[in-house]
Amino acid sequence: MIVTLRKNTPQKEVEKLYKYLEEKNVQVNIIRGENFNVFGLVGDTTHLAERDILANEWVENVRRVAAPYKLANRMFHPEDTVVDVAGVKVGGNEKIVVIGGPCSVEGEEQITRIAEEVKECGADMLRGGAYKPRTSPYSFQGLGYEGILDLKAAREKTGLPVVSELMSADKIDEFEENVDLVQIGARNMQNFDLLKACGHMTKPVLLKRGMSSTIEDWIMSAEYIMASGNPNVILCERGIRTFETYTRNTMDLAVIPLIKEKTHLPIIIDPSHATGDYRLVEAVSLAAVAAGADGLIIEVHDHPSEAWSDGAQSLKPDRFEELIRKARRVAEAVGRTL
Ligand code: PEP
Ligand code: MN
């Protein structure tokens with residue numbers, strides 16, 4: 001971290017700040033100029049906040065050189081993390097995983113039927129929301145615990161591990177017991193108490209990117225889960241809010257190589273929420289596989305026009321199967337399997 005002091009800072013103030021920084025357990029190197037003094041802080045600076053140092057009236061500016069995250073940082077953990085979801089491995093050079101299923105669980109019969117279909121198409125896991133974060137309080141809010149039990153029944157029938165969204169910490173035990181991969185949705189990406197609670201779980205976490213979050217905000221949220229004790233985090237890009245209205249969100253494709261450079265965590269893509277349009281899902285999925293994604297999470301419904309949520313972005317099983325067939329060829333072209 002580089003701290004530049006104001007022009008003509010009195011020597012007494014320079015010494016005071018030097019001492020303050022040294023007490024923060026970092027090595028402080030001073031560069032004395034004619035007008036300016038510059039401090040170079042080396043060591044672990046993750047516990048220092050630029051804005052706290054900037055609060056000193058003699059500080060002109062503060063620049064961070066190293067990233068503010070440690071546990072998620074590729075620099076301190078060069079090898080890829082492979083997350084094991086009930087036997088399905090995600091990340092590294094493992095097979096690219098495909099997660100398919102409806103936006104919402106609509107009952108045991110529906111989720112079991114779709115689970116069988118996505119399995120038949122080649123999916124590795126089943127998705128289904130039981131607690132739904134809806135924009136309107138008048139929209140379907142999910143079946144709750146009943147939906148979780150329906151997912152469990154679908155898993156028993158098909159053997160597919162299940163992914164579902166956790167919205168509040170009071171359901172932790174329910175998810176720990178019944179869900180294989182705990183999804184934290186875009187809207188809760190910075191619900192820090194929920195992230196900390198996930199850190200105490202033994203189940204892996206699928207952390208979606210907040211719709212208005214920077215990449216650094218997102219990695220810091222992963223850091224929260226890891227710092228609370230759970231190293232098994234899979235990141236999921238699901239599109240961000242921009243000025244564009246032709247798509248529901250804007251898919252950030254560059255995030256895939258970037259996340260791989262900055263972190264060692266697996267990253268998967270959700271082309272359904274990223275586009276909001278079933279017609280666009282295949283192209284975005286193929287692009288994500290080509291760009292190095294470790295997996296795809298795709299909404300699939302056998303009767304999208306009757307889906308209780310997100311029908312417009314849900315693929316029918318035949319389209320889902322075709323997508324998987326094409327994605328396998330793209331995966332092969334980039335040296336992976338799917
Ligand atoms: C979902 O997966 O159905 C969902 C609500 O996702 P997101 O949090 O990305 O909007
Ligand atoms: Mn959805």
# chains A, B, ... in the order shown; residues from 1 in each chain; ligands from 1
>>> residues_near_ligand(ligand="ligand 2", cutoff="10 Å", atoms="only C-alpha atoms and all ligand atoms", output="NGL selection string")
:A and (101-104 or 127-129 or 132-134 or 185 or 270 or 272-273 or 276 or 298-300 or 308-314)
>>> select_by_dssp(residues="region 248-314 of chain A", states="alpha helix (DSSP H)", output="ChimeraX atom specification")
/A:255-262,271-275,278-290
>>> closest_residue(among="A:Ile219, A:Leu338, A:Val105, A:Ala333", to="ligand 1", atoms="only C-alpha atoms and all ligand atoms")
A:Val105
>>> residues_around(residues="Cys198 (chain A)", least_positions_apart="4", cutoff="10 Å", atoms="only C-alpha atoms", output="compact mmCIF listing (two decimals) with C-alpha atoms, in the first residue's frame")
# COMPACT_ATOMS: atom_id res chain seq x y z
CA LEU A 166 -30.88 -20.09 0.96
CA ALA A 169 -29.80 -17.81 8.26
CA ILE A 172 -29.32 -23.09 7.83
CA GLU A 176 -27.33 -28.36 5.89
CA VAL A 182 -26.28 -23.98 -1.09
CA GLN A 183 -27.02 -21.08 -3.45
CA ILE A 184 -26.65 -17.50 -2.28
CA PHE A 192 -22.83 -10.41 5.40
CA ASP A 193 -24.55 -12.20 8.29
CA LEU A 194 -25.86 -14.79 5.84
CA THR A 202 -20.15 -28.12 5.86
CA LYS A 203 -22.00 -27.90 2.51
CA PRO A 204 -20.40 -26.09 -0.46
CA VAL A 205 -21.76 -22.67 -1.43
CA TYR A 224 -16.40 -13.67 3.99
CA ILE A 225 -17.56 -17.28 3.59
CA MET A 226 -13.99 -18.59 3.52
CA SER A 228 -15.73 -17.96 8.50
CA GLY A 229 -14.41 -21.44 7.84
CA ASN A 230 -15.90 -22.77 4.60
CA VAL A 233 -17.09 -21.71 -2.67
>>> select_by_dssp(residues="region 34-282 of chain A", states="strand (DSSP E)", output="ChimeraX atom specification")
/A:37-42,59-63,83-85,88-90,97-101,125-127,162-165,181-184,205-208,233-237,267-269
>>> write_last_selection(atoms="C-alpha atoms", output="PDB file, in the first residue's frame")
ATOM      1  CA  ASN A  37       6.920  11.972   1.998  1.00  0.00           C
ATOM      2  CA  VAL A  38       5.704   8.616   0.761  1.00  0.00           C
ATOM      3  CA  PHE A  39       5.152   5.521   2.892  1.00  0.00           C
ATOM      4  CA  GLY A  40       5.377   2.105   1.287  1.00  0.00           C
ATOM      5  CA  LEU A  41       3.567  -0.469   3.440  1.00  0.00           C
ATOM      6  CA  VAL A  42       4.562  -4.079   2.927  1.00  0.00           C
ATOM      7  CA  VAL A  59      -2.632  12.107   4.043  1.00  0.00           C
ATOM      8  CA  GLU A  60      -2.945  13.165   0.401  1.00  0.00           C
ATOM      9  CA  ASN A  61      -3.836   9.770  -1.042  1.00  0.00           C
ATOM     10  CA  VAL A  62      -3.709   6.042  -0.440  1.00  0.00           C
ATOM     11  CA  ARG A  63      -3.210   3.396  -3.139  1.00  0.00           C
ATOM     12  CA  VAL A  83     -15.185 -28.262  -4.970  1.00  0.00           C
ATOM     13  CA  ASP A  84     -16.831 -31.614  -4.318  1.00  0.00           C
ATOM     14  CA  VAL A  85     -20.620 -31.451  -4.456  1.00  0.00           C
ATOM     15  CA  VAL A  88     -19.557 -34.171  -8.451  1.00  0.00           C
ATOM     16  CA  LYS A  89     -16.275 -32.285  -8.795  1.00  0.00           C
ATOM     17  CA  VAL A  90     -16.336 -28.640  -9.896  1.00  0.00           C
ATOM     18  CA  VAL A  97     -20.642 -29.497 -14.914  1.00  0.00           C
ATOM     19  CA  VAL A  98     -24.159 -28.798 -16.085  1.00  0.00           C
ATOM     20  CA  ILE A  99     -26.884 -27.974 -13.574  1.00  0.00           C
ATOM     21  CA  GLY A 100     -30.422 -28.011 -14.937  1.00  0.00           C
ATOM     22  CA  GLY A 101     -33.881 -27.604 -13.503  1.00  0.00           C
ATOM     23  CA  MET A 125     -27.037 -31.719 -10.846  1.00  0.00           C
ATOM     24  CA  LEU A 126     -30.595 -30.522 -10.333  1.00  0.00           C
ATOM     25  CA  ARG A 127     -31.570 -26.946  -9.493  1.00  0.00           C
ATOM     26  CA  VAL A 162     -29.525 -30.704  -5.582  1.00  0.00           C
ATOM     27  CA  VAL A 163     -28.894 -26.952  -5.615  1.00  0.00           C
ATOM     28  CA  SER A 164     -31.281 -24.532  -3.926  1.00  0.00           C
ATOM     29  CA  GLU A 165     -31.236 -20.942  -2.732  1.00  0.00           C
ATOM     30  CA  LEU A 181     -25.027 -27.082  -2.893  1.00  0.00           C
ATOM     31  CA  VAL A 182     -26.279 -23.977  -1.089  1.00  0.00           C
ATOM     32  CA  GLN A 183     -27.024 -21.083  -3.455  1.00  0.00           C
ATOM     33  CA  ILE A 184     -26.653 -17.499  -2.284  1.00  0.00           C
ATOM     34  CA  VAL A 205     -21.757 -22.667  -1.427  1.00  0.00           C
ATOM     35  CA  LEU A 206     -22.695 -21.330  -4.869  1.00  0.00           C
ATOM     36  CA  LEU A 207     -22.184 -17.572  -4.616  1.00  0.00           C
ATOM     37  CA  LYS A 208     -23.926 -15.577  -7.318  1.00  0.00           C
ATOM     38  CA  VAL A 233     -17.087 -21.708  -2.675  1.00  0.00           C
ATOM     39  CA  ILE A 234     -18.133 -21.799  -6.332  1.00  0.00           C
ATOM     40  CA  LEU A 235     -18.666 -18.408  -7.986  1.00  0.00           C
ATOM     41  CA  CYS A 236     -21.559 -17.866 -10.401  1.00  0.00           C
ATOM     42  CA  GLU A 237     -21.839 -15.020 -12.903  1.00  0.00           C
ATOM     43  CA  ILE A 267     -16.648 -20.225 -11.725  1.00  0.00           C
ATOM     44  CA  ILE A 268     -19.881 -21.253 -13.397  1.00  0.00           C
ATOM     45  CA  ILE A 269     -22.263 -19.249 -15.588  1.00  0.00           C
TER      46      ILE A 269
END
>>> residues_around(residues="Glu244 (chain A)", least_positions_apart="6", cutoff="12 Å", atoms="only C-alpha atoms", output="VMD selection string")
chain A and resid 250 to 251 274 to 275
>>> atom_distance(atom1="CA of Thr245 (chain A)", atom2="CA of Ile297 (chain A)")
22.6 Å
>>> residues_around(residues="region 158-161 of chain A", least_positions_apart="4", cutoff="10 Å", atoms="only C-alpha atoms", output="VMD selection string")
chain A and resid 85 to 88 99 112 to 113 115 to 120 123 to 127 151 to 154 179 to 181
>>> residues_around(residues="region 315-325 of chain A", least_positions_apart="4", cutoff="6 Å", atoms="only C-alpha atoms", output="list in words")
Cys121, Tyr278, Glu282, Val300, His301 and Asp302 of chain A
>>> closest_residue(among="A:Trp218, A:Tyr145, A:Tyr18, A:Tyr131", to="ligand 1", atoms="only C-alpha atoms and all ligand atoms")
A:Tyr131
>>> closest_residue(among="A:Ala254, A:Ile215, A:Val14, A:Leu143", to="Phe36 (chain A)", atoms="only C-alpha atoms")
A:Val14
>>> residues_around(residues="Val289 (chain A)", least_positions_apart="2", cutoff="10 Å", atoms="only C-alpha atoms", output="mmCIF file with C-alpha atoms, in the first residue's frame")
data_model
loop_
_atom_site.group_PDB
_atom_site.id
_atom_site.type_symbol
_atom_site.label_atom_id
_atom_site.label_comp_id
_atom_site.auth_asym_id
_atom_site.auth_seq_id
_atom_site.Cartn_x
_atom_site.Cartn_y
_atom_site.Cartn_z
ATOM 1 C CA ILE A 96 -17.472 -29.011 -16.960
ATOM 2 C CA ILE A 256 -14.391 -15.841 -16.455
ATOM 3 C CA ILE A 268 -19.881 -21.253 -13.397
ATOM 4 C CA ILE A 269 -22.263 -19.249 -15.588
ATOM 5 C CA VAL A 284 -24.222 -17.508 -24.210
ATOM 6 C CA SER A 285 -23.637 -21.003 -22.800
ATOM 7 C CA LEU A 286 -21.336 -21.956 -25.676
ATOM 8 C CA ALA A 287 -19.410 -18.697 -25.302
ATOM 9 C CA ALA A 291 -14.087 -18.760 -22.279
ATOM 10 C CA GLY A 292 -13.180 -21.350 -19.640
ATOM 11 C CA ALA A 293 -16.245 -21.659 -17.370
ATOM 12 C CA ASP A 294 -16.240 -24.660 -15.031
ATOM 13 C CA GLY A 295 -19.969 -25.163 -15.366
ATOM 14 C CA LEU A 296 -23.389 -23.922 -16.421
ATOM 15 C CA ALA A 327 -21.342 -27.481 -25.548
ATOM 16 C CA ARG A 328 -19.519 -30.841 -25.485
ATOM 17 C CA ARG A 329 -17.922 -30.019 -28.825
ATOM 18 C CA VAL A 330 -16.875 -26.555 -27.642
ATOM 19 C CA ALA A 331 -15.470 -28.052 -24.429
ATOM 20 C CA GLU A 332 -13.424 -30.492 -26.461
ATOM 21 C CA ALA A 333 -12.069 -27.635 -28.594
ATOM 22 C CA VAL A 334 -10.734 -25.903 -25.458
ATOM 23 C CA ARG A 336 -12.057 -29.879 -21.457
ATOM 24 C CA LEU A 338 -18.486 -31.813 -20.505
#
>>> closest_residue(among="A:Ala307, A:Ile53, A:Asn8, A:Ile240", to="Phe140 (chain A)", atoms="only C-alpha atoms")
A:Ala307
>>> atom_distance(atom1="CA of Glu79 (chain A)", atom2="CA of Lys260 (chain A)")
10.5 Å
>>> closest_residue(among="A:Ala283, A:Ala197, A:Ala222, A:Met167", to="ligand 1", atoms="only C-alpha atoms and all ligand atoms")
A:Met167
>>> decode(residues="region 20-70 of chain A", atoms="N, CA and C atoms", output="PDB file, in the first residue's frame")
ATOM      1  N   TYR A  20       1.793   5.143  13.878  1.00  0.00           N
ATOM      2  CA  TYR A  20       0.426   4.609  13.770  1.00  0.00           C
ATOM      3  C   TYR A  20       0.397   3.413  12.805  1.00  0.00           C
ATOM      4  N   LEU A  21       1.087   3.568  11.676  1.00  0.00           N
ATOM      5  CA  LEU A  21       1.074   2.498  10.667  1.00  0.00           C
ATOM      6  C   LEU A  21       1.908   1.299  11.126  1.00  0.00           C
ATOM      7  N   GLU A  22       3.016   1.573  11.771  1.00  0.00           N
ATOM      8  CA  GLU A  22       3.882   0.496  12.236  1.00  0.00           C
ATOM      9  C   GLU A  22       3.153  -0.377  13.259  1.00  0.00           C
ATOM     10  N   GLU A  23       2.297   0.263  14.034  1.00  0.00           N
ATOM     11  CA  GLU A  23       1.530  -0.477  15.049  1.00  0.00           C
ATOM     12  C   GLU A  23       0.449  -1.365  14.430  1.00  0.00           C
ATOM     13  N   LYS A  24       0.248  -1.198  13.134  1.00  0.00           N
ATOM     14  CA  LYS A  24      -0.747  -2.027  12.423  1.00  0.00           C
ATOM     15  C   LYS A  24      -0.109  -3.321  11.921  1.00  0.00           C
ATOM     16  N   ASN A  25       1.089  -3.597  12.394  1.00  0.00           N
ATOM     17  CA  ASN A  25       1.768  -4.852  12.007  1.00  0.00           C
ATOM     18  C   ASN A  25       2.141  -4.950  10.538  1.00  0.00           C
ATOM     19  N   VAL A  26       2.505  -3.831   9.944  1.00  0.00           N
ATOM     20  CA  VAL A  26       3.055  -3.865   8.583  1.00  0.00           C
ATOM     21  C   VAL A  26       4.418  -3.184   8.627  1.00  0.00           C
ATOM     22  N   GLN A  27       5.241  -3.548   7.652  1.00  0.00           N
ATOM     23  CA  GLN A  27       6.546  -2.904   7.582  1.00  0.00           C
ATOM     24  C   GLN A  27       6.366  -1.577   6.842  1.00  0.00           C
ATOM     25  N   VAL A  28       6.872  -0.497   7.421  1.00  0.00           N
ATOM     26  CA  VAL A  28       6.690   0.817   6.802  1.00  0.00           C
ATOM     27  C   VAL A  28       8.029   1.315   6.265  1.00  0.00           C
ATOM     28  N   ASN A  29       8.082   1.558   4.951  1.00  0.00           N
ATOM     29  CA  ASN A  29       9.296   2.110   4.340  1.00  0.00           C
ATOM     30  C   ASN A  29       8.998   3.550   3.956  1.00  0.00           C
ATOM     31  N   ILE A  30       9.910   4.422   4.322  1.00  0.00           N
ATOM     32  CA  ILE A  30       9.657   5.838   4.046  1.00  0.00           C
ATOM     33  C   ILE A  30      10.534   6.307   2.893  1.00  0.00           C
ATOM     34  N   ILE A  31       9.927   7.031   1.977  1.00  0.00           N
ATOM     35  CA  ILE A  31      10.682   7.635   0.876  1.00  0.00           C
ATOM     36  C   ILE A  31      10.536   9.144   1.064  1.00  0.00           C
ATOM     37  N   ARG A  32      11.653   9.802   1.321  1.00  0.00           N
ATOM     38  CA  ARG A  32      11.572  11.246   1.588  1.00  0.00           C
ATOM     39  C   ARG A  32      11.852  12.032   0.318  1.00  0.00           C
ATOM     40  N   GLY A  33      10.911  12.883  -0.045  1.00  0.00           N
ATOM     41  CA  GLY A  33      11.123  13.745  -1.207  1.00  0.00           C
ATOM     42  C   GLY A  33      11.312  15.171  -0.732  1.00  0.00           C
ATOM     43  N   GLU A  34      11.511  16.065  -1.678  1.00  0.00           N
ATOM     44  CA  GLU A  34      11.723  17.449  -1.282  1.00  0.00           C
ATOM     45  C   GLU A  34      10.444  18.039  -0.674  1.00  0.00           C
ATOM     46  N   ASN A  35       9.318  17.714  -1.320  1.00  0.00           N
ATOM     47  CA  ASN A  35       8.037  18.245  -0.849  1.00  0.00           C
ATOM     48  C   ASN A  35       7.140  17.201  -0.206  1.00  0.00           C
ATOM     49  N   PHE A  36       7.256  15.983  -0.739  1.00  0.00           N
ATOM     50  CA  PHE A  36       6.352  14.933  -0.270  1.00  0.00           C
ATOM     51  C   PHE A  36       7.097  13.814   0.439  1.00  0.00           C
ATOM     52  N   ASN A  37       6.432  13.217   1.411  1.00  0.00           N
ATOM     53  CA  ASN A  37       6.920  11.972   1.998  1.00  0.00           C
ATOM     54  C   ASN A  37       5.958  10.879   1.569  1.00  0.00           C
ATOM     55  N   VAL A  38       6.538   9.742   1.197  1.00  0.00           N
ATOM     56  CA  VAL A  38       5.704   8.616   0.761  1.00  0.00           C
ATOM     57  C   VAL A  38       6.024   7.423   1.641  1.00  0.00           C
ATOM     58  N   PHE A  39       4.966   6.755   2.119  1.00  0.00           N
ATOM     59  CA  PHE A  39       5.152   5.521   2.892  1.00  0.00           C
ATOM     60  C   PHE A  39       4.805   4.329   2.005  1.00  0.00           C
ATOM     61  N   GLY A  40       5.693   3.355   1.979  1.00  0.00           N
ATOM     62  CA  GLY A  40       5.377   2.105   1.287  1.00  0.00           C
ATOM     63  C   GLY A  40       5.126   1.044   2.348  1.00  0.00           C
ATOM     64  N   LEU A  41       3.897   0.533   2.415  1.00  0.00           N
ATOM     65  CA  LEU A  41       3.567  -0.469   3.440  1.00  0.00           C
ATOM     66  C   LEU A  41       3.675  -1.856   2.824  1.00  0.00           C
ATOM     67  N   VAL A  42       4.472  -2.711   3.434  1.00  0.00           N
ATOM     68  CA  VAL A  42       4.562  -4.079   2.927  1.00  0.00           C
ATOM     69  C   VAL A  42       4.205  -5.065   4.039  1.00  0.00           C
ATOM     70  N   GLY A  43       3.812  -6.259   3.590  1.00  0.00           N
ATOM     71  CA  GLY A  43       3.326  -7.274   4.530  1.00  0.00           C
ATOM     72  C   GLY A  43       1.840  -7.469   4.266  1.00  0.00           C
ATOM     73  N   ASP A  44       1.162  -8.052   5.220  1.00  0.00           N
ATOM     74  CA  ASP A  44      -0.266  -8.309   5.052  1.00  0.00           C
ATOM     75  C   ASP A  44      -1.063  -7.042   5.334  1.00  0.00           C
ATOM     76  N   THR A  45      -1.596  -6.435   4.280  1.00  0.00           N
ATOM     77  CA  THR A  45      -2.345  -5.181   4.443  1.00  0.00           C
ATOM     78  C   THR A  45      -3.862  -5.405   4.332  1.00  0.00           C
ATOM     79  N   THR A  46      -4.286  -6.682   4.329  1.00  0.00           N
ATOM     80  CA  THR A  46      -5.721  -6.945   4.130  1.00  0.00           C
ATOM     81  C   THR A  46      -6.593  -6.345   5.238  1.00  0.00           C
ATOM     82  N   HIS A  47      -6.029  -6.176   6.432  1.00  0.00           N
ATOM     83  CA  HIS A  47      -6.821  -5.628   7.540  1.00  0.00           C
ATOM     84  C   HIS A  47      -6.814  -4.099   7.544  1.00  0.00           C
ATOM     85  N   LEU A  48      -6.111  -3.470   6.613  1.00  0.00           N
ATOM     86  CA  LEU A  48      -6.086  -2.001   6.547  1.00  0.00           C
ATOM     87  C   LEU A  48      -7.094  -1.504   5.512  1.00  0.00           C
ATOM     88  N   ALA A  49      -7.813  -0.447   5.871  1.00  0.00           N
ATOM     89  CA  ALA A  49      -8.769   0.135   4.925  1.00  0.00           C
ATOM     90  C   ALA A  49      -8.202   1.468   4.449  1.00  0.00           C
ATOM     91  N   GLU A  50      -8.181   1.663   3.141  1.00  0.00           N
ATOM     92  CA  GLU A  50      -7.638   2.897   2.571  1.00  0.00           C
ATOM     93  C   GLU A  50      -8.300   4.112   3.196  1.00  0.00           C
ATOM     94  N   ARG A  51      -9.620   4.010   3.351  1.00  0.00           N
ATOM     95  CA  ARG A  51     -10.372   5.176   3.828  1.00  0.00           C
ATOM     96  C   ARG A  51     -10.057   5.531   5.277  1.00  0.00           C
ATOM     97  N   ASP A  52      -9.662   4.532   6.077  1.00  0.00           N
ATOM     98  CA  ASP A  52      -9.296   4.827   7.470  1.00  0.00           C
ATOM     99  C   ASP A  52      -8.014   5.658   7.505  1.00  0.00           C
ATOM    100  N   ILE A  53      -7.080   5.319   6.613  1.00  0.00           N
ATOM    101  CA  ILE A  53      -5.803   6.050   6.577  1.00  0.00           C
ATOM    102  C   ILE A  53      -6.028   7.447   6.003  1.00  0.00           C
ATOM    103  N   LEU A  54      -6.929   7.498   5.040  1.00  0.00           N
ATOM    104  CA  LEU A  54      -7.260   8.772   4.403  1.00  0.00           C
ATOM    105  C   LEU A  54      -7.918   9.755   5.385  1.00  0.00           C
ATOM    106  N   ALA A  55      -8.414   9.235   6.469  1.00  0.00           N
ATOM    107  CA  ALA A  55      -9.058  10.095   7.479  1.00  0.00           C
ATOM    108  C   ALA A  55      -8.039  11.010   8.166  1.00  0.00           C
ATOM    109  N   ASN A  56      -6.749  10.641   8.099  1.00  0.00           N
ATOM    110  CA  ASN A  56      -5.708  11.504   8.673  1.00  0.00           C
ATOM    111  C   ASN A  56      -5.558  12.742   7.782  1.00  0.00           C
ATOM    112  N   GLU A  57      -5.673  13.912   8.397  1.00  0.00           N
ATOM    113  CA  GLU A  57      -5.698  15.145   7.587  1.00  0.00           C
ATOM    114  C   GLU A  57      -4.409  15.407   6.814  1.00  0.00           C
ATOM    115  N   TRP A  58      -3.316  14.722   7.177  1.00  0.00           N
ATOM    116  CA  TRP A  58      -2.050  14.958   6.473  1.00  0.00           C
ATOM    117  C   TRP A  58      -1.826  13.982   5.326  1.00  0.00           C
ATOM    118  N   VAL A  59      -2.770  13.086   5.138  1.00  0.00           N
ATOM    119  CA  VAL A  59      -2.632  12.107   4.043  1.00  0.00           C
ATOM    120  C   VAL A  59      -3.268  12.654   2.770  1.00  0.00           C
ATOM    121  N   GLU A  60      -2.484  12.664   1.698  1.00  0.00           N
ATOM    122  CA  GLU A  60      -2.945  13.165   0.401  1.00  0.00           C
ATOM    123  C   GLU A  60      -3.710  12.074  -0.347  1.00  0.00           C
ATOM    124  N   ASN A  61      -3.111  10.892  -0.442  1.00  0.00           N
ATOM    125  CA  ASN A  61      -3.836   9.770  -1.042  1.00  0.00           C
ATOM    126  C   ASN A  61      -3.263   8.423  -0.623  1.00  0.00           C
ATOM    127  N   VAL A  62      -4.077   7.413  -0.826  1.00  0.00           N
ATOM    128  CA  VAL A  62      -3.709   6.042  -0.440  1.00  0.00           C
ATOM    129  C   VAL A  62      -3.991   5.135  -1.629  1.00  0.00           C
ATOM    130  N   ARG A  63      -3.017   4.330  -2.010  1.00  0.00           N
ATOM    131  CA  ARG A  63      -3.210   3.396  -3.139  1.00  0.00           C
ATOM    132  C   ARG A  63      -2.919   1.990  -2.686  1.00  0.00           C
ATOM    133  N   ARG A  64      -3.853   1.123  -2.966  1.00  0.00           N
ATOM    134  CA  ARG A  64      -3.634  -0.275  -2.623  1.00  0.00           C
ATOM    135  C   ARG A  64      -2.901  -0.956  -3.774  1.00  0.00           C
ATOM    136  N   VAL A  65      -1.880  -1.704  -3.465  1.00  0.00           N
ATOM    137  CA  VAL A  65      -1.128  -2.416  -4.493  1.00  0.00           C
ATOM    138  C   VAL A  65      -1.592  -3.873  -4.527  1.00  0.00           C
ATOM    139  N   ALA A  66      -1.674  -4.497  -3.335  1.00  0.00           N
ATOM    140  CA  ALA A  66      -2.117  -5.889  -3.265  1.00  0.00           C
ATOM    141  C   ALA A  66      -3.636  -5.929  -3.110  1.00  0.00           C
ATOM    142  N   ALA A  67      -4.240  -7.021  -3.567  1.00  0.00           N
ATOM    143  CA  ALA A  67      -5.695  -7.183  -3.455  1.00  0.00           C
ATOM    144  C   ALA A  67      -6.089  -7.270  -1.972  1.00  0.00           C
ATOM    145  N   PRO A  68      -7.320  -6.827  -1.635  1.00  0.00           N
ATOM    146  CA  PRO A  68      -7.753  -6.848  -0.230  1.00  0.00           C
ATOM    147  C   PRO A  68      -8.218  -8.223   0.249  1.00  0.00           C
ATOM    148  N   TYR A  69      -8.158  -9.224  -0.630  1.00  0.00           N
ATOM    149  CA  TYR A  69      -8.587 -10.575  -0.228  1.00  0.00           C
ATOM    150  C   TYR A  69      -7.372 -11.491  -0.172  1.00  0.00           C
ATOM    151  N   LYS A  70      -7.453 -12.448   0.729  1.00  0.00           N
ATOM    152  CA  LYS A  70      -6.308 -13.299   1.025  1.00  0.00           C
ATOM    153  C   LYS A  70      -6.628 -14.756   0.702  1.00  0.00           C
TER     154      LYS A  70
END
